[in-house]
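Participant: Here it is, the structure, as structure tokens.
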Amino acid sequence: MGLAALGAFVGCRASHVATPNPTGVVETIFLIGDAGEPDPRLPATVLDSLAVQATAVGQRGTILFLGDNIYPSGTADSSSVNYADVLRRLDAQIKTVPSGGTGIFLPGNHDWSDGGQGGLFGAATAADGLLVIRRQSALIPRRPKHAGATVMMLPKGGCPGPVVVDRERVRLILLDSQWWLHNYIVRDSVSDDPEHGCSTHTMGEITQAVRDSLKTTHPGQSVIVASHHPLRTGGPHGGYCGAFALFRRWANTSQDLLGKSYTLMRDSLNSALKTRPPLIYAAGHDHSLQVMLGRTSSYALVSGAGSIGKGECAARLRQSLYVGQATSGFMRLDFVPGDSVLLRVYRYDSHLEGEVYSRWLHDRK
Amino acid sequence: MRIISRVRTRVGRWPVITALASLPFLSVSTLGAQSRTELTRTLAAIASTPLGALTPTGPVMATSRDDTLLFGFRLQYGSRGLSDSQSLRAYGLTTNLQIQGGALVSGTVGYQQGSDGICADVSCDDHRLMAEVRYSNNLITTRPFLRVPFFTENDASGTAALQFGVGWAEKGFNERQHWTADVTVPLSLAVGQRVRVVPFLTPSFAFAWGTTDRQWSRGQRFLVGGGITTQEVGKWVGLTGLDLSFAFQRAFSPHGTTLGVTVSWMHVPVR
């Protein structure tokens, strides 16, 4: 009794809050990222659990796949030897979206062919990655899915976004953050999506569109801004963990928080977000589960633990409320009437399965 | 303009690095004689500066790289027992500064007081001022690798850091001023979510310089410090950024152990 109380006191045991009556939940958003490496040799615990929960929620639910939907190099050409494996990875995620539910895939750096170098047997043949991401964008809606399910990639066609998805209780502002970081694209109308066109073509247009999207919310709507790349993380991409963390700080890697392009993206998005801070900035990229206080959002969530076996270290930061490292799992957001949102974190590893953390989120800004 | 500023930055760094690297070779003789406090003179030099007068502290909880600044203060108390129930007590105030989640730079000013009777004659001061500058950079943070009983949520993950410190103490106890320079590799384990429990160990190699009259003397010594820090202990009372450490610093000599307690508070300014 004494030890258990001490455990709860110092937070070594899971922190839970009272959960709402399911009938009182208006909207449910699931956040899962970096799920593009479902290992067929391992039980698909994370995706199975996600599917069960999403099915229970039904059409009130939206699954946000936070990028890196297909490792390692995005969607191969249909003539490629590994095309079947690409479909397996994608289908494993798509089938978690229940009948009547919605699945939205955000693009990640690996979906852009991770820099564009696919190699002889790799998926990518296009040096600029745009072809690869457009291929995935076109492929996702065509894959088999449950009757009545909607699946799509947003922003699509290699466009940077933002794309606004309005629900009754929540506004999703979706960004393709790899557009900012990729080497081989021209960031103006030259990079336009030839099929549908992009709504924005320059960094200035994007930040202005984000500002506008934040200002035009309906009364009672909470805002989630989501991209693959986080604005804040204690994982390896934040310059923590591992023997090379010290050097990554100066390595100017485009995929790391302190890289030059990444810093430009962070600064630009932060400047847009602080005009009207959203409730949540959700991202993946680091393979961990992190709940943090945000700088230009009330909360910053990193849910990049969608693939079993890819879990990584994450340092606990001063802003961290919960850190699940070297694990796999996802997050769930239940929106109830009013301005409250219940966050729940589910993790699955060798010694923990199920809900490990919950918290009511409120606008702090 | 850019190139000039870059060159200036580089020129600014190298003298510091060169000076630190050459410190061990600047001395002319070895500390070894007995002082009035019955410490060897090497240990006396170490015990006079914050390195040995106070105790090490656990690692500072990291802040996000997108935070421009992390700053805070530390209040320290250290006590070293001597023979005949005498002791040296030290008090320190440290300011910590970290930029963009990088290296932590600390500056300490302190005051050391000897117990009654530590001075045998009137010309002896029974107190001294001391100061220290310390640079610390995290080297490695590991994945969770060690199961800890009762901590079912997060296994312990480890960190290793590298520290360089330079300390100074003015005359006191019939001794002249002292300098120390040390290289320390703090190792720590961390468990817990809301409040973090962090046992740590700080193996350290220190060089000490002391002067009597016009003669500078040098010595060196291996030290081991350690203790336990409870990070974010203030969350129990609704205060963030408050850490509490209990620690020791041991030089392998008679009267070579300092015991101490540290309260620190760190803050990220909201912009």
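Just remember, in the structure tokens the first chain shown is A, the second B, etc., residues are 1-based per chain, and ligands are 1-based in the order shown.
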At a cut-off of 9 Å, list the chain A residues touching chain B, using only C-alpha atoms, as an NGL selection string.

Facilitator: :A and (3-4 or 7 or 9-14 or 231-234 or 238-246 or 249 or 257-258 or 263 or 266 or 295 or 312-326 or 351-352 or 356)

Participant: Could you write out the selected residues, including N, CA and C atoms, as a compact mmCIF listing (two decimals), in the first residue's frame?

Facilitator:
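Result went into result_33.txt, see below:
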# COMPACT_ATOMS: atom_id res chain seq x y z
N LEU A 3 4.08 1.44 -0.78
CA LEU A 3 4.90 1.53 -1.99
C LEU A 3 4.06 1.95 -3.18
N ALA A 4 2.85 1.44 -3.25
CA ALA A 4 1.97 1.81 -4.36
C ALA A 4 1.65 3.30 -4.32
N GLY A 7 4.61 5.10 -5.41
CA GLY A 7 4.74 4.96 -6.86
C GLY A 7 3.86 5.94 -7.60
N PHE A 9 2.75 8.65 -6.41
CA PHE A 9 3.20 9.99 -6.05
C PHE A 9 4.31 10.47 -6.98
N VAL A 10 5.30 9.65 -7.18
CA VAL A 10 6.42 10.07 -8.03
C VAL A 10 6.13 9.82 -9.50
N GLY A 11 5.00 9.23 -9.79
CA GLY A 11 4.62 9.10 -11.19
C GLY A 11 5.24 7.93 -11.88
N CYS A 12 5.75 6.95 -11.14
CA CYS A 12 6.33 5.80 -11.80
C CYS A 12 5.24 4.87 -12.28
N ARG A 13 4.07 4.99 -11.71
CA ARG A 13 2.95 4.21 -12.19
C ARG A 13 2.05 5.10 -13.05
N ALA A 14 1.25 4.44 -13.85
CA ALA A 14 0.46 5.19 -14.82
C ALA A 14 -0.47 6.20 -14.15
N LEU A 231 7.39 19.97 -33.70
CA LEU A 231 8.07 21.23 -33.40
C LEU A 231 8.84 21.11 -32.09
N ARG A 232 8.61 20.03 -31.38
CA ARG A 232 9.26 19.84 -30.08
C ARG A 232 9.33 18.33 -29.82
N THR A 233 10.48 17.83 -29.45
CA THR A 233 10.60 16.40 -29.14
C THR A 233 11.84 16.14 -28.30
N GLY A 234 11.75 15.13 -27.47
CA GLY A 234 12.92 14.71 -26.69
C GLY A 234 13.59 13.49 -27.28
N GLY A 238 15.34 15.30 -31.91
CA GLY A 238 15.46 16.55 -31.15
C GLY A 238 16.88 16.78 -30.66
N GLY A 239 17.78 15.86 -31.00
CA GLY A 239 19.17 16.01 -30.57
C GLY A 239 19.44 15.34 -29.23
N TYR A 240 18.60 14.41 -28.85
CA TYR A 240 18.80 13.66 -27.62
C TYR A 240 19.01 12.19 -27.97
N CYS A 241 19.49 11.46 -27.00
CA CYS A 241 19.59 10.00 -27.09
C CYS A 241 20.75 9.56 -27.98
N GLY A 242 21.34 8.45 -27.56
CA GLY A 242 22.38 7.81 -28.37
C GLY A 242 23.72 8.51 -28.26
N ALA A 243 24.71 7.84 -28.82
CA ALA A 243 26.09 8.33 -28.69
C ALA A 243 26.36 9.54 -29.59
N PHE A 244 25.52 9.74 -30.59
CA PHE A 244 25.83 10.80 -31.55
C PHE A 244 24.96 12.04 -31.36
N ALA A 245 24.19 12.04 -30.27
CA ALA A 245 23.29 13.18 -30.04
C ALA A 245 24.06 14.49 -30.01
N LEU A 246 25.23 14.46 -29.39
CA LEU A 246 26.03 15.67 -29.26
C LEU A 246 26.43 16.22 -30.62
N ARG A 249 23.67 17.73 -33.11
CA ARG A 249 23.33 19.13 -32.85
C ARG A 249 23.94 20.05 -33.90
N LEU A 257 15.69 18.51 -35.54
CA LEU A 257 15.08 19.76 -35.09
C LEU A 257 15.99 20.98 -35.24
N LEU A 258 17.31 20.75 -35.11
CA LEU A 258 18.24 21.87 -35.19
C LEU A 258 18.86 22.05 -36.57
N THR A 263 14.83 24.28 -38.79
CA THR A 263 14.70 25.48 -37.95
C THR A 263 13.87 26.54 -38.66
N ARG A 266 10.33 25.40 -38.34
CA ARG A 266 9.83 25.60 -36.97
C ARG A 266 9.52 27.06 -36.69
N ARG A 295 4.96 25.05 -27.04
CA ARG A 295 5.42 26.44 -26.98
C ARG A 295 4.42 27.36 -27.66
N GLU A 312 12.11 3.89 -29.89
CA GLU A 312 13.40 4.52 -29.60
C GLU A 312 13.36 5.22 -28.25
N CYS A 313 14.53 5.66 -27.88
CA CYS A 313 14.68 6.45 -26.65
C CYS A 313 14.03 7.82 -26.82
N ALA A 314 13.56 8.38 -25.74
CA ALA A 314 13.12 9.78 -25.73
C ALA A 314 13.46 10.35 -24.36
N ALA A 315 14.17 11.44 -24.36
CA ALA A 315 14.53 12.07 -23.09
C ALA A 315 13.31 12.75 -22.50
N ARG A 316 13.21 12.70 -21.21
CA ARG A 316 12.14 13.45 -20.55
C ARG A 316 12.56 14.90 -20.47
N LEU A 317 11.77 15.74 -21.08
CA LEU A 317 12.08 17.17 -21.08
C LEU A 317 11.32 17.86 -19.95
N ARG A 318 11.73 19.06 -19.68
CA ARG A 318 11.05 19.86 -18.67
C ARG A 318 9.57 20.03 -19.00
N GLN A 319 9.27 20.01 -20.30
CA GLN A 319 7.89 20.24 -20.73
C GLN A 319 7.11 18.93 -20.83
N SER A 320 7.77 17.81 -20.55
CA SER A 320 7.12 16.51 -20.74
C SER A 320 6.11 16.24 -19.63
N LEU A 321 4.97 15.73 -20.05
CA LEU A 321 3.98 15.26 -19.09
C LEU A 321 3.98 13.74 -19.04
N TYR A 322 4.27 13.15 -20.17
CA TYR A 322 4.38 11.69 -20.24
C TYR A 322 5.39 11.34 -21.33
N VAL A 323 6.24 10.36 -21.05
CA VAL A 323 7.18 9.87 -22.06
C VAL A 323 7.12 8.35 -22.06
N GLY A 324 6.79 7.79 -23.18
CA GLY A 324 6.85 6.34 -23.37
C GLY A 324 7.92 6.07 -24.40
N GLN A 325 9.01 5.47 -23.98
CA GLN A 325 10.11 5.27 -24.91
C GLN A 325 10.39 3.79 -25.12
N ALA A 326 11.03 3.50 -26.24
CA ALA A 326 11.35 2.12 -26.63
C ALA A 326 10.09 1.25 -26.57
N HIS A 351 6.26 -5.59 -21.40
CA HIS A 351 5.70 -5.68 -20.06
C HIS A 351 4.56 -4.71 -19.80
N LEU A 352 4.08 -4.03 -20.81
CA LEU A 352 2.93 -3.14 -20.60
C LEU A 352 2.02 -3.21 -21.82
N VAL A 356 -1.90 3.67 -20.63
CA VAL A 356 -0.87 3.94 -19.62
C VAL A 356 -0.94 5.37 -19.09

Participant: As a PyMOL selection string, please: every residue in region 136-257 of chain A that DSSP puts in alpha helix (DSSP H).

Facilitator: chain A and resi 136-139+178-181+203-215+245-248

Participant: Kindly indicate which residue among A:Tyr281, A:Trp179, A:Phe335, A:Tyr83 lies nearest to Val302 (chain A), using only C-alpha atoms for the distances.

Facilitator: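 Residue with the minimum atom-to-atom distance to Val302 (chain A): A:Tyr281.
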
Participant: So which residues touch Phe65 (chain A) within 10 Å, counting only C-alpha atoms, skipping near sequence neighbours fewer than 2 positions away, as a PyMOL selection string?

Facilitator: chain A and resi 30-36+62-63+67-69+93-94+103-108+153+226-228+283-284+303-304+306+330

Participant: Figure out the distance between CA of Met292 (chain A) and CA of Arg364 (chain A), please, to one decimal in Å.

Facilitator: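 Atom-to-atom, CA of Arg364 (chain A) and CA of Met292 (chain A) are spaced 12.4 Å apart.
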
Participant: Pick out the residues sitting within 7 Å of Leu82 (chain B), and hand them over as a PyMOL selection string; count only C-alpha atoms, and ignore anything fewer than 4 positions along from it in its own chain.

Facilitator: chain B and resi 86-87+255

Participant: Write a file of the just-selected residues containing C-alpha atoms, as a PDB file, in the first residue's frame.

Facilitator:
ATOM      1  CA  GLN B  86      36.354  20.148  13.644  1.00  0.00           C
ATOM      2  CA  SER B  87      34.734  20.696  10.298  1.00  0.00           C
ATOM      3  CA  HIS B 255      39.040  13.649   6.071  1.00  0.00           C
TER       4      HIS B 255
END

Participant: List every residue of region 161-247 of chain B that DSSP, applied to the backbone of this structure, assigns to strand (DSSP E), and report them as number ranges by chain.

Facilitator: B: 161-169, 178-184, 187-190, 196-212, 215-231, 242-247

Participant: Using C-alpha atoms, can you write the selected residues to a file as a compact mmCIF listing (two decimals), in the first residue's frame?

Facilitator:
# COMPACT_ATOMS: atom_id res chain seq x y z
CA ALA B 161 27.94 13.84 -19.55
CA LEU B 162 31.27 15.62 -19.68
CA GLN B 163 32.12 18.49 -17.37
CA PHE B 164 35.01 20.88 -17.09
CA GLY B 165 35.33 22.97 -13.99
CA VAL B 166 37.72 25.65 -12.79
CA GLY B 167 37.58 26.71 -9.15
CA TRP B 168 39.23 29.33 -7.01
CA ALA B 169 39.43 30.04 -3.31
CA HIS B 178 43.95 27.83 -4.33
CA TRP B 179 42.93 26.87 -7.83
CA THR B 180 41.45 23.64 -9.10
CA ALA B 181 40.62 22.32 -12.54
CA ASP B 182 38.71 19.14 -13.04
CA VAL B 183 37.35 16.86 -15.69
CA THR B 184 34.27 14.98 -14.58
CA LEU B 187 26.83 9.15 -14.90
CA SER B 188 23.21 8.88 -13.93
CA LEU B 189 20.13 6.72 -14.07
CA ALA B 190 16.67 8.21 -14.20
CA ARG B 196 12.18 11.78 -11.42
CA VAL B 197 14.46 9.86 -9.13
CA VAL B 198 18.03 10.13 -10.36
CA PRO B 199 20.89 8.35 -8.62
CA PHE B 200 24.20 9.62 -9.97
CA LEU B 201 27.93 9.10 -9.76
CA THR B 202 30.56 11.69 -10.65
CA PRO B 203 34.05 10.27 -11.15
CA SER B 204 36.38 13.17 -11.49
CA PHE B 205 40.05 13.89 -11.97
CA ALA B 206 41.18 17.12 -10.42
CA PHE B 207 44.31 19.19 -10.54
CA ALA B 208 44.97 21.51 -7.66
CA TRP B 209 47.29 24.46 -7.28
CA GLY B 210 48.16 26.18 -4.08
CA THR B 211 50.52 28.94 -3.22
CA THR B 212 52.47 29.72 -0.10
CA GLN B 215 55.88 29.22 -4.59
CA TRP B 216 53.11 27.63 -6.63
CA SER B 217 52.60 23.93 -5.98
CA ARG B 218 50.55 21.39 -7.87
CA GLY B 219 48.89 18.12 -7.08
CA GLN B 220 46.25 15.93 -8.61
CA ARG B 221 43.69 13.58 -7.25
CA PHE B 222 40.94 11.23 -8.31
CA LEU B 223 37.59 12.00 -6.75
CA VAL B 224 34.33 10.15 -6.69
CA GLY B 225 31.11 11.92 -5.98
CA GLY B 226 27.60 10.65 -6.02
CA GLY B 227 24.18 10.92 -4.59
CA ILE B 228 20.56 11.01 -5.43
CA THR B 229 18.53 13.79 -6.99
CA THR B 230 14.79 14.05 -6.99
CA GLN B 231 13.84 16.12 -10.01
CA LEU B 242 12.57 22.37 -8.23
CA ASP B 243 15.15 19.63 -7.64
CA LEU B 244 16.64 18.31 -4.42
CA SER B 245 19.97 16.50 -4.17
CA PHE B 246 21.77 14.69 -1.39
CA ALA B 247 25.33 13.88 -2.29

Participant: Can you measure CA of Glu132 (chain B) to CA of Thr49 (chain B) for me? One decimal in Å is fine.

Facilitator: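 CA of Thr49 (chain B) lies 7.4 Å from CA of Glu132 (chain B).
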
Participant: Considering only C-alpha atoms, state which residue in the set A:Pro43, A:Asp176, A:Glu37, A:Ser213 is at the smallest distance from Lys310 (chain A).

Facilitator: A:Glu37

Participant: One decimal, Å: what's the distance from CA of His127 (chain B) over to CA of Gly172 (chain B), could you say?

Facilitator: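 So the answer is 5.8 Å.
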
Participant: Applying 8 Å and only C-alpha atoms, which residues near Asp193 (chain A) remain after dropping the ones on its own chain fewer than 2 positions away? List them as JSON, numbers by chain.

Facilitator: {"A": [157, 158, 159, 191, 195, 196, 197, 198]}

Participant: What's the 10 Å shell around Gln59 (chain A), counting only C-alpha atoms, without same-chain residues fewer than 3 positions away, as JSON, numbers by chain?

Facilitator: {"A": [27, 28, 54, 55, 56, 62, 97, 98, 99, 100, 101, 102, 148, 149, 150]}

Participant: Okay, now the selection with N, CA and C atoms, as a CSV table (one decimal), in the first residue's frame?

Facilitator:
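So the final result, stored in selection-v3.csv, reads:
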chain,number,residue,atom,x,y,z
A,27,GLU,N,-16.6,13.3,-30.7
A,27,GLU,CA,-15.7,13.1,-31.8
A,27,GLU,C,-14.5,12.4,-31.2
A,28,THR,N,-13.9,11.4,-31.9
A,28,THR,CA,-12.7,10.8,-31.5
A,28,THR,C,-11.6,10.8,-32.6
A,54,ALA,N,-11.2,1.8,-32.9
A,54,ALA,CA,-11.8,2.6,-34.0
A,54,ALA,C,-13.2,2.0,-34.4
A,55,THR,N,-13.3,0.7,-34.4
A,55,THR,CA,-14.6,0.1,-34.7
A,55,THR,C,-15.6,0.4,-33.7
A,56,ALA,N,-15.2,0.4,-32.5
A,56,ALA,CA,-16.2,0.8,-31.4
A,56,ALA,C,-16.7,2.2,-31.5
A,62,THR,N,-11.9,9.3,-36.4
A,62,THR,CA,-10.9,9.6,-37.4
A,62,THR,C,-9.5,9.2,-37.0
A,97,VAL,N,-9.2,1.2,-40.4
A,97,VAL,CA,-10.3,2.2,-40.5
A,97,VAL,C,-11.6,1.5,-40.7
A,98,PRO,N,-12.5,1.7,-39.7
A,98,PRO,CA,-13.8,0.9,-39.8
A,98,PRO,C,-14.8,1.4,-40.8
A,99,SER,N,-15.8,0.7,-41.0
A,99,SER,CA,-16.9,1.2,-41.8
A,99,SER,C,-17.5,2.5,-41.3
A,100,GLY,N,-17.6,3.4,-42.1
A,100,GLY,CA,-18.1,4.7,-41.7
A,100,GLY,C,-17.0,5.6,-41.1
A,101,GLY,N,-15.9,5.1,-40.8
A,101,GLY,CA,-14.8,5.9,-40.2
A,101,GLY,C,-13.9,6.6,-41.3
A,102,THR,N,-13.0,7.4,-40.8
A,102,THR,CA,-12.2,8.1,-41.7
A,102,THR,C,-10.7,7.9,-41.4
A,148,GLY,N,-17.8,1.8,-46.7
A,148,GLY,CA,-18.2,3.1,-46.1
A,148,GLY,C,-17.0,3.8,-45.5
A,149,ALA,N,-15.9,3.2,-45.4
A,149,ALA,CA,-14.7,3.8,-44.9
A,149,ALA,C,-14.1,4.8,-45.9
A,150,THR,N,-13.6,5.9,-45.4
A,150,THR,CA,-13.0,6.9,-46.2
A,150,THR,C,-11.5,7.0,-45.9

Participant: Excluding same-chain residues fewer than 6 positions from Ser123 (chain B), what lies within 12 Å of it counting only C-alpha atoms, as a list in words?

Facilitator: Lys171, Gly172, Phe173, Asn174 and Glu175 of chain B

Participant: For the residues selected in the previous step, produce a file with N, CA and C atoms as a compact mmCIF listing (two decimals), in the first residue's frame.

Facilitator:
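result.txt written:
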# COMPACT_ATOMS: atom_id res chain seq x y z
N LYS B 171 42.58 33.12 0.28
CA LYS B 171 43.32 32.61 1.42
C LYS B 171 42.39 32.41 2.63
N GLY B 172 42.85 31.52 3.50
CA GLY B 172 42.09 31.25 4.71
C GLY B 172 42.75 30.09 5.43
N PHE B 173 42.51 29.98 6.69
CA PHE B 173 43.08 28.89 7.48
C PHE B 173 44.61 28.82 7.33
N ASN B 174 45.26 29.96 7.28
CA ASN B 174 46.71 30.04 7.11
C ASN B 174 47.20 29.53 5.76
N GLU B 175 46.30 29.45 4.82
CA GLU B 175 46.72 29.01 3.49
C GLU B 175 46.51 30.16 2.52

Participant: Closest to Thr75 (chain A) among A:Asp91, A:Asp111, A:Asp166, A:Asp188, using only C-alpha atoms?

Facilitator: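 When distances to Thr75 (chain A) are compared using only C-alpha atoms, the smallest one comes from A:Asp111.
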